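Quick notes on the structure that follows.
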Amino acid sequence: MSHWLELFVHWTAGFGLNYSFLLDAYQRGTLTAGAWTSILLCLFTIVGSLLAGVALAAMLTSGKPWLAKPARVFIEVTRNTPTLVQLYCAFLVLNMLLTQAVGAANPLTPFAWVVIVISLHKGAFHAEALRAGIEAVPAVTLEAASSLAFSSRQLLWNVQLPLAVRFALPSLINNLIDLVKMTAVASAIAVGDITYASIMIWTQSDNVLELMILILTFFGLLSFIVNCVGRVLEARLRMPGYGH
Amino acid sequence: MAIESSVATPVAWPRRHMGKLLLLLIVVAWLVFGAPKSRVFQALIQWSPSLAIGFGQNILISLVAIALGSVLGLLVGALALSPLKLARLPARIWVQIFRNAPWLVLIYFTTYVFPFEIHIGSSYISFPDWVKVTIGLALPASANVAEIFRGAIASIPSTQWEAARSLAFTRGQIFRSIILPQCFKRMLPPWMNLYAVITMGTALASLVGVHDVIDTAQIASNTVNITGFTVLIYLSLLALFFAYCYPISRLTQRLERRYAFY
């Protein structure tokens, strides 16, 4: 491992890039821990955002104004305000109030707040995509299902959502790639993700360009993986005669 | 039996917006009777001019960024459409890199990699942080504009090209007098959407030390140091951005519906 690293450092030195911090066990450790935190953040928020998206889409298409109206207001507010401001509102305001209420027993770490905020933020975008998918389910299919005595919950879960997911998959994947990029914002409230770890390193050793290339490659790789998973899912879920 | 419901008559305006009107009334009543006495609200009034100046900085960044991004994006988009493969390749790489990089990372990139002043001849021109952030936002904007442009051109049916060519138009003429005029209409809604997204992206400027609205809010909340004020000022940040971006997004939806093509 360290042999390869040395080779890499030597190779990049040829381009005038100084990657020697990778040979330092402490700085390498910070960076790997940061990368791992970023990956965990992505996994948690992907799951959380999908759950939030399904819940919001179910509320939107429920046909009950007291459910649909709040969901609509939530989505419009979420889509039209910056994530950073939402994160501050959650972390600096809600977290402060929570800490004042329960003291040091506050169970929510900055990591948890980032997961919650980004999940809800991207959930709003998923909900829009899923809503379009749910509305694209042919009325005949719904009538057929309800004539088979499906309850409205069964209808949503067994008929509408499976079809809606197929319809909405391209925009869901698009949202997820956006989500992966958005996790960089976690560094704003000192969650030790890869961006934060890099800031820590470059304030010490002034090698911004090298770290930037590293971070961009890392995020490029993550979005590439999400994209590939999306492609596979799309191919696997494809139904002849439905969707694209 | 579904017929009656499908032709429901629209409710009169005041009744349709009952909830909103009630909310507005409550807010106005609170502003008139409750607020002037509270310290929190007085502090907010005291800080509101500097918040407004900060928000002006955000809007300035977003306007310059979208202008730069549009010019750059149209150039890149035009390159991406060129028949030469050698010209298409750099455009494709540009779009791929800047669409897939996190905005925050790009902003850090432009802030820390660019020098803080430029040396031209014997004079030094300072290169302020907000300009760097603007460039950092203009880069992804340009990649997105290039994609919007490419998408708009591709959405014009190919039969129009063929028809125009059969009337002996040259490639340049087809572009100028047939394709581009139709593209503007199709590009407008996504372009406005991009502008709203960039405006929200300017919030990131505070992280690299630009004195924008969020930075102002943080200073204010630390200076006043009352719980109620902290809550209020962050909520008013949300409200400010919402008030600026929501009308744009509504207009975008309206235009999308009006220009919907088949």
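Just remember, in the structure tokens the first chain shown is A, the second B, etc., residues are 1-based per chain, and ligands are 1-based in the order shown.
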
For chain B, which residues have at least one atom within 7 Å of chain A, if we go by only C-alpha atoms? Write them as a tab-separated table (two decimals) with N, CA and C atoms, in the first residue's frame, please.
chain	number	residue	atom	x	y	z
B	100	ASN	N	-20.51	18.18	-12.48
B	100	ASN	CA	-20.43	17.11	-11.48
B	100	ASN	C	-19.65	17.49	-10.24
B	101	ALA	N	-19.09	18.71	-10.21
B	101	ALA	CA	-18.35	19.11	-9.02
B	101	ALA	C	-19.30	19.80	-8.05
B	102	PRO	N	-19.16	19.52	-6.74
B	102	PRO	CA	-19.98	20.25	-5.77
B	102	PRO	C	-19.67	21.74	-5.83
B	104	LEU	N	-19.79	23.97	-3.56
B	104	LEU	CA	-18.98	24.45	-2.43
B	104	LEU	C	-17.50	24.24	-2.71
B	109	PHE	N	-12.28	26.29	-4.30
B	109	PHE	CA	-11.24	26.23	-5.33
B	109	PHE	C	-10.89	27.63	-5.82
B	112	TYR	N	-9.31	29.91	-3.00
B	112	TYR	CA	-7.97	29.67	-2.47
B	112	TYR	C	-6.91	29.56	-3.54
B	113	VAL	N	-7.31	29.19	-4.75
B	113	VAL	CA	-6.29	29.00	-5.78
B	113	VAL	C	-5.96	30.31	-6.48
B	200	MET	N	-29.64	30.87	-4.70
B	200	MET	CA	-29.54	30.10	-3.46
B	200	MET	C	-28.10	29.67	-3.21
B	201	GLY	N	-27.35	29.46	-4.29
B	201	GLY	CA	-25.95	29.07	-4.14
B	201	GLY	C	-25.10	30.18	-3.53
B	203	ALA	N	-25.54	31.70	-1.02
B	203	ALA	CA	-25.47	31.53	0.43
B	203	ALA	C	-24.13	30.94	0.85
B	204	LEU	N	-23.52	30.18	-0.07
B	204	LEU	CA	-22.24	29.53	0.27
B	204	LEU	C	-21.11	30.55	0.39
B	207	LEU	N	-19.26	31.17	3.61
B	207	LEU	CA	-18.30	30.19	4.14
B	207	LEU	C	-16.86	30.55	3.81
B	230	THR	N	-32.05	35.23	17.80
B	230	THR	CA	-31.39	34.24	16.94
B	230	THR	C	-32.43	33.50	16.10
B	231	VAL	N	-33.49	33.05	16.76
B	231	VAL	CA	-34.55	32.36	16.04
B	231	VAL	C	-35.10	33.26	14.94
B	234	TYR	N	-32.64	34.01	11.84
B	234	TYR	CA	-32.46	32.93	10.87
B	234	TYR	C	-33.75	32.68	10.10
B	235	LEU	N	-34.88	32.82	10.78
B	235	LEU	CA	-36.15	32.65	10.05
B	235	LEU	C	-36.31	33.76	9.02
B	238	LEU	N	-34.47	32.83	5.93
B	238	LEU	CA	-35.30	31.93	5.11
B	238	LEU	C	-36.33	32.74	4.33
B	241	PHE	N	-34.78	34.82	1.33
B	241	PHE	CA	-34.48	34.03	0.14
B	241	PHE	C	-35.76	33.53	-0.50
B	242	PHE	N	-36.72	33.12	0.33
B	242	PHE	CA	-37.98	32.63	-0.21
B	242	PHE	C	-38.68	33.72	-1.00
B	245	CYS	N	-36.82	34.06	-4.34
B	245	CYS	CA	-36.79	32.93	-5.28
B	245	CYS	C	-38.16	32.40	-5.65
B	246	TYR	N	-39.12	32.52	-4.75
B	246	TYR	CA	-40.43	31.92	-5.03
B	246	TYR	C	-41.12	32.56	-6.23

| query | Counting only C-alpha atoms, what is within 12 Å of Ser48 of chain B, bar same-chain residues fewer than 3 positions away, as a list in words? | reply |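 With the cut-off at 12 Å, the set is Phe41, Gln42, Ala43, Leu44, Ile45, Leu51, Ala52, Ile53, Gly54, Phe55, Val213, Thr216, Ala217, Ala220, Leu232, Ile233, Ser236, Leu237 and Leu240 of chain B.
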
Export of the given selection (N, CA and C atoms) as a PDB file, in the first residue's frame:
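As a result, result.pdb now contains:
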ATOM      1  N   PHE B  41     -37.712  42.467  18.537  1.00  0.00           N
ATOM      2  CA  PHE B  41     -38.142  43.091  17.300  1.00  0.00           C
ATOM      3  C   PHE B  41     -37.392  44.390  17.059  1.00  0.00           C
ATOM      4  N   GLN B  42     -37.128  45.121  18.146  1.00  0.00           N
ATOM      5  CA  GLN B  42     -36.350  46.356  17.992  1.00  0.00           C
ATOM      6  C   GLN B  42     -34.964  46.059  17.460  1.00  0.00           C
ATOM      7  N   ALA B  43     -34.377  44.971  17.964  1.00  0.00           N
ATOM      8  CA  ALA B  43     -33.045  44.594  17.481  1.00  0.00           C
ATOM      9  C   ALA B  43     -33.094  44.243  16.000  1.00  0.00           C
ATOM     10  N   LEU B  44     -34.190  43.589  15.597  1.00  0.00           N
ATOM     11  CA  LEU B  44     -34.309  43.214  14.180  1.00  0.00           C
ATOM     12  C   LEU B  44     -34.396  44.460  13.308  1.00  0.00           C
ATOM     13  N   ILE B  45     -35.175  45.449  13.774  1.00  0.00           N
ATOM     14  CA  ILE B  45     -35.283  46.695  13.000  1.00  0.00           C
ATOM     15  C   ILE B  45     -33.934  47.379  12.920  1.00  0.00           C
ATOM     16  N   LEU B  51     -28.690  43.889   7.087  1.00  0.00           N
ATOM     17  CA  LEU B  51     -29.155  42.670   6.418  1.00  0.00           C
ATOM     18  C   LEU B  51     -29.458  42.956   4.956  1.00  0.00           C
ATOM     19  N   ALA B  52     -30.106  44.115   4.713  1.00  0.00           N
ATOM     20  CA  ALA B  52     -30.460  44.470   3.342  1.00  0.00           C
ATOM     21  C   ALA B  52     -29.209  44.656   2.499  1.00  0.00           C
ATOM     22  N   ILE B  53     -28.185  45.300   3.080  1.00  0.00           N
ATOM     23  CA  ILE B  53     -26.931  45.491   2.339  1.00  0.00           C
ATOM     24  C   ILE B  53     -26.307  44.128   2.025  1.00  0.00           C
ATOM     25  N   GLY B  54     -26.341  43.230   3.027  1.00  0.00           N
ATOM     26  CA  GLY B  54     -25.802  41.883   2.815  1.00  0.00           C
ATOM     27  C   GLY B  54     -26.544  41.153   1.707  1.00  0.00           C
ATOM     28  N   PHE B  55     -27.862  41.284   1.712  1.00  0.00           N
ATOM     29  CA  PHE B  55     -28.644  40.599   0.686  1.00  0.00           C
ATOM     30  C   PHE B  55     -28.361  41.207  -0.686  1.00  0.00           C
ATOM     31  N   VAL B 213     -25.382  38.233   3.375  1.00  0.00           N
ATOM     32  CA  VAL B 213     -26.499  38.329   4.316  1.00  0.00           C
ATOM     33  C   VAL B 213     -26.376  37.313   5.453  1.00  0.00           C
ATOM     34  N   THR B 216     -23.787  38.496   7.893  1.00  0.00           N
ATOM     35  CA  THR B 216     -24.385  39.568   8.686  1.00  0.00           C
ATOM     36  C   THR B 216     -25.288  38.998   9.765  1.00  0.00           C
ATOM     37  N   ALA B 217     -26.092  38.002   9.389  1.00  0.00           N
ATOM     38  CA  ALA B 217     -27.019  37.413  10.356  1.00  0.00           C
ATOM     39  C   ALA B 217     -26.256  36.757  11.500  1.00  0.00           C
ATOM     40  N   ALA B 220     -24.931  39.434  13.709  1.00  0.00           N
ATOM     41  CA  ALA B 220     -26.036  40.025  14.470  1.00  0.00           C
ATOM     42  C   ALA B 220     -26.438  39.115  15.618  1.00  0.00           C
ATOM     43  N   LEU B 232     -35.404  34.500  15.320  1.00  0.00           N
ATOM     44  CA  LEU B 232     -36.053  35.413  14.389  1.00  0.00           C
ATOM     45  C   LEU B 232     -35.167  35.717  13.199  1.00  0.00           C
ATOM     46  N   ILE B 233     -33.871  35.932  13.449  1.00  0.00           N
ATOM     47  CA  ILE B 233     -33.028  36.391  12.340  1.00  0.00           C
ATOM     48  C   ILE B 233     -32.779  35.265  11.347  1.00  0.00           C
ATOM     49  N   SER B 236     -35.844  34.980   9.366  1.00  0.00           N
ATOM     50  CA  SER B 236     -35.991  36.044   8.376  1.00  0.00           C
ATOM     51  C   SER B 236     -35.049  35.827   7.194  1.00  0.00           C
ATOM     52  N   LEU B 237     -33.904  35.133   7.426  1.00  0.00           N
ATOM     53  CA  LEU B 237     -33.052  34.745   6.296  1.00  0.00           C
ATOM     54  C   LEU B 237     -33.825  33.852   5.340  1.00  0.00           C
ATOM     55  N   LEU B 240     -36.317  35.892   3.495  1.00  0.00           N
ATOM     56  CA  LEU B 240     -35.723  36.739   2.468  1.00  0.00           C
ATOM     57  C   LEU B 240     -35.475  35.952   1.188  1.00  0.00           C
TER      58      LEU B 240
END

| said: I want to know what sits within 9 Å of segment 174-181 of chain B, based on only C-alpha atoms, with residues of the same chain fewer than 6 positions away left out; could you give that as a ChimeraX atom specification? | reply: /B:152-153,156,160-161,164-165

| field | Contacts of Ile189 of chain A at 8 Å (only C-alpha atoms; same-chain gap of 2+ positions) as a PyMOL selection string | value | chain A and resi 91+110+186-187+191

| request: Could you please write out, as a count of residues only, every residue of segment 33-169 of chain B that DSSP assigns to strand (DSSP E or B)? | output: 8

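You can rank B:Val76, B:Met187, B:Val210, B:Leu25 by their closest distance to Ala143 of chain B using only C-alpha atoms, and at the top of that list sits B:Val76.
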
| Distance query Tyr259 of chain B at most 10 Å, only C-alpha atoms, self and fewer than 6 positions along chain excluded, as a PyMOL selection string | chain B and resi 185-186+188-189+253

Pull N, CA and C atoms from the residues just selected and write them as a PDB file, in the first residue's frame.
ATOM      1  N   LYS B 185     -37.212  30.753 -26.573  1.00  0.00           N
ATOM      2  CA  LYS B 185     -38.413  30.457 -25.814  1.00  0.00           C
ATOM      3  C   LYS B 185     -38.218  29.222 -24.955  1.00  0.00           C
ATOM      4  N   ARG B 186     -37.589  28.202 -25.518  1.00  0.00           N
ATOM      5  CA  ARG B 186     -37.441  26.948 -24.773  1.00  0.00           C
ATOM      6  C   ARG B 186     -36.389  27.058 -23.690  1.00  0.00           C
ATOM      7  N   LEU B 188     -35.732  29.778 -21.918  1.00  0.00           N
ATOM      8  CA  LEU B 188     -36.039  30.746 -20.865  1.00  0.00           C
ATOM      9  C   LEU B 188     -36.423  30.102 -19.526  1.00  0.00           C
ATOM     10  N   PRO B 189     -37.399  29.163 -19.492  1.00  0.00           N
ATOM     11  CA  PRO B 189     -37.750  28.601 -18.175  1.00  0.00           C
ATOM     12  C   PRO B 189     -36.593  27.909 -17.455  1.00  0.00           C
ATOM     13  N   GLN B 253     -42.746  28.397 -13.763  1.00  0.00           N
ATOM     14  CA  GLN B 253     -43.806  27.414 -14.022  1.00  0.00           C
ATOM     15  C   GLN B 253     -44.817  27.949 -15.026  1.00  0.00           C
TER      16      GLN B 253
END

| field | 10 Å contact set for Ser62 of chain A, only C-alpha atoms, chain neighbours under 4 positions out, as a ChimeraX atom specification | value | /A:56-58,66-68,152-153,156

| task | Using DSSP on the backbone, list every residue of segment 179-220 of chain B that comes out as alpha helix (DSSP H), and give them as a count of residues only. | result | 30

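One distance worth recording is that between atom CA of Ile118 of chain B and atom CA of Val131 of chain B, which is 12.6 Å.
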
| query | Taking into account only C-alpha atoms, which residue in the set B:Met192, B:Ala163, B:Ile107, B:Ile26 is nearest to Ser70 of chain B? | reply |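 Between B:Met192, B:Ala163, B:Ile107, B:Ile26, the residue approaching Ser70 of chain B most closely is B:Met192.
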
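Between atom CA of Asp215 of chain B and atom CA of Leu40 of chain A there is a distance of 29.2 Å.
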
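Candidate residues A:Tyr19, A:Phe111, A:Leu130, A:Ile201 were compared for distance to Ser38 of chain A, and the nearest is A:Phe111, using only C-alpha atoms.
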
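Candidate residues A:Gly29, A:Pro162, A:Gly63, A:Pro107 were compared for distance to Leu237 of chain A, and the nearest is A:Pro162, using only C-alpha atoms.
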
| task | Pick out the residues sitting within 10 Å of Thr110 of chain B, and hand them over as number ranges by chain; count only C-alpha atoms, and ignore anything fewer than 4 positions along from it in its own chain. | result | A: 209; B: 105-106, 114-115, 129, 131-137, 139

| query | How many Å lie between atom CA of Ile198 of chain B and atom CA of Trp36 of chain A, rounded to one decimal? | reply | 29.0 Å
